[in-house]
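J.: Please read through the structure below; I'll follow up with questions.
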Amino acid sequence: MITAHGTSDIGKKRQRNEDSFVVNLDINLYVVADGMGGHNAGDVASATAVKAIEGFMVHSYGERELTWPFGIDPKMSFDANRLRTATKLANHKIWQLADSHQEYTGMGTTVVSAVVSADLATIVSVGDSRAYLWRDHEVKLLTRDDVWLNETWVRRAFTEEQLQRIPLKNVLSKAIGSKEDIEFPVQEVQLVDGDLVLLCSDGLHGLVDEEQMAKVLKAKEGDLAGICQDLTQLAIEAGGKDNITSVVFKYHK
């Protein structure tokens with residue numbers, strides 16, 4: 001059984017909220033997206049992404065006779081292929097919108113999403129929205145930020161000291177809608193009773209470190225709404241410089 005809660009806050013500095021999220025307990029789908037782009041393009045990108053992902057995941061739920069527009073990876077499970085396809089569809093929709101509407105040129109969004117079937121969580125991440133696992137009173141980062149600093153060629157070209165002095169080291173190297181086609185990792189995590197998974201935008205994890213997260217998760221382990229509320233408050237107290245979105249779900253055996 002899964003229980004879940006999600007919340008999004010505009011923060012203290014932004015004029016609008018460009019984050020979007022999904023909590024769909026009917027199909028055990030959870031998504032956080034952080035949009036970017038001029039005018040209202042960030043809003044459009046994140047909303048388009050979560051709608052496209054949820055739409056395909058609902059359509060494919062329990063349905064084995066599907067059209068797979070991007071093919072099937074035989075090395076992946078059915079749910080992994082579903083979430084991979086849903087993410088690629090979201091990328092394609094945003095790319096098409098940006099290509100056909102001048103006001104949306106250059107828009108994109110990060111996405112971190114999870115679908116749970118029995119005791120297996122399938123997770124996809126594009127950009128720098130993150131997934132964390134809370135287990136045995138420890139916080140573990142499950143995803144890897146798609147930022148310039150983490151690119152393999154960059155790591156080979158610069159020393160660690162040089163990297164820390166580069167001002168653009170945290171610029172996104174990948175986002176949904178940034179290219180016509182996109183590749184990304186799909187991972188599966190075996191859940192155990194009591195596991196909590198936190199999905200969040202960088203408006204949260206950029207201001208609240210793992211030690212602070214652990215304190216909140218330990219104090220409010222059974223209160224998912226309280227976890228989201230307290231984490232949001234910590235980010236606001238730390239400056240609230242971006243929109244703050246979190247989705248947390250708990251696995252009960």
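In the structure tokens, the first chain shown is A, the next is B, and so on; residue numbers restart at 1 for each chain, and ligands run from 1 in the order shown.
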Would you mind writing down, as number ranges by chain, each residue of region 34-221 of chain A that DSSP on the backbone assigns to helix (DSSP H, G or I)?

T.: A: 41-60, 78-100, 102-104, 148-150, 152-157, 160-165, 202-205, 210-219

J.: Out of region 63-241 of chain A, which residues get strand (DSSP E) from DSSP, as a count of residues only?

T.: 37

J.: I need the residue nearest Ile244 (chain A) from this list: A:Asp79, A:Asp34, A:Asp43, A:Glu221. Use only C-alpha atoms for the distance.

T.: A:Asp34

J.: Mind checking which residues fall within 12 Å of Val111 (chain A), counting only C-alpha atoms, ignoring those fewer than 4 positions away in the same chain, and posting them as a ChimeraX atom specification?

T.: /A:19-22,30-36,45-53,83-84,86-88,90-91,123-131,143,145-146,174-177,184,199-202,245

J.: Fewer than 6 positions away in the same chain doesn't count, so skip those; otherwise give me all residues within 9 Å of Asn81 (chain A), counting only C-alpha atoms, as number ranges by chain.

T.: A: 68, 71-74, 186

J.: Taking 2 positions as the minimum chain separation for residues in the same chain, which residues sit within 8 Å of Val189 (chain A) when counting only C-alpha atoms? Answer as a list of chain:residue names.

T.: A:Leu120, A:Ala121, A:Thr122, A:Ile123, A:Gln187, A:Leu191

J.: Counting only C-alpha atoms, which of A:Gly62, A:Gly108, A:Gly37, A:Gly42 gets nearest to Glu180 (chain A)?

T.: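 Under the stated criterion, the closest residue is A:Gly108.
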
J.: Enter the distance from CA of Met76 (chain A) to CA of His205 (chain A), in Å, rounded to one decimal.

T.: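 We find that CA of Met76 (chain A) and CA of His205 (chain A) lie 29.4 Å from each other.
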
J.: Measuring atom to atom with only C-alpha atoms, identify which of A:Val112, A:Val247, A:Leu207, A:Met213 is nearest to Gly11 (chain A).

T.: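 Under the stated criterion, the closest residue is A:Leu207.
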
J.: Could you pull the residues within 12 Å of Asp26 (chain A), counting only C-alpha atoms, minus those fewer than 4 positions along the same chain, as a list in words?

T.: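 The filter keeps Met1, Ile2, Thr3, Ala4, Val22, Tyr30, Glu54, Met57, Val58, Tyr61, Gly62, Val115, Val116 and Ser117 of chain A.
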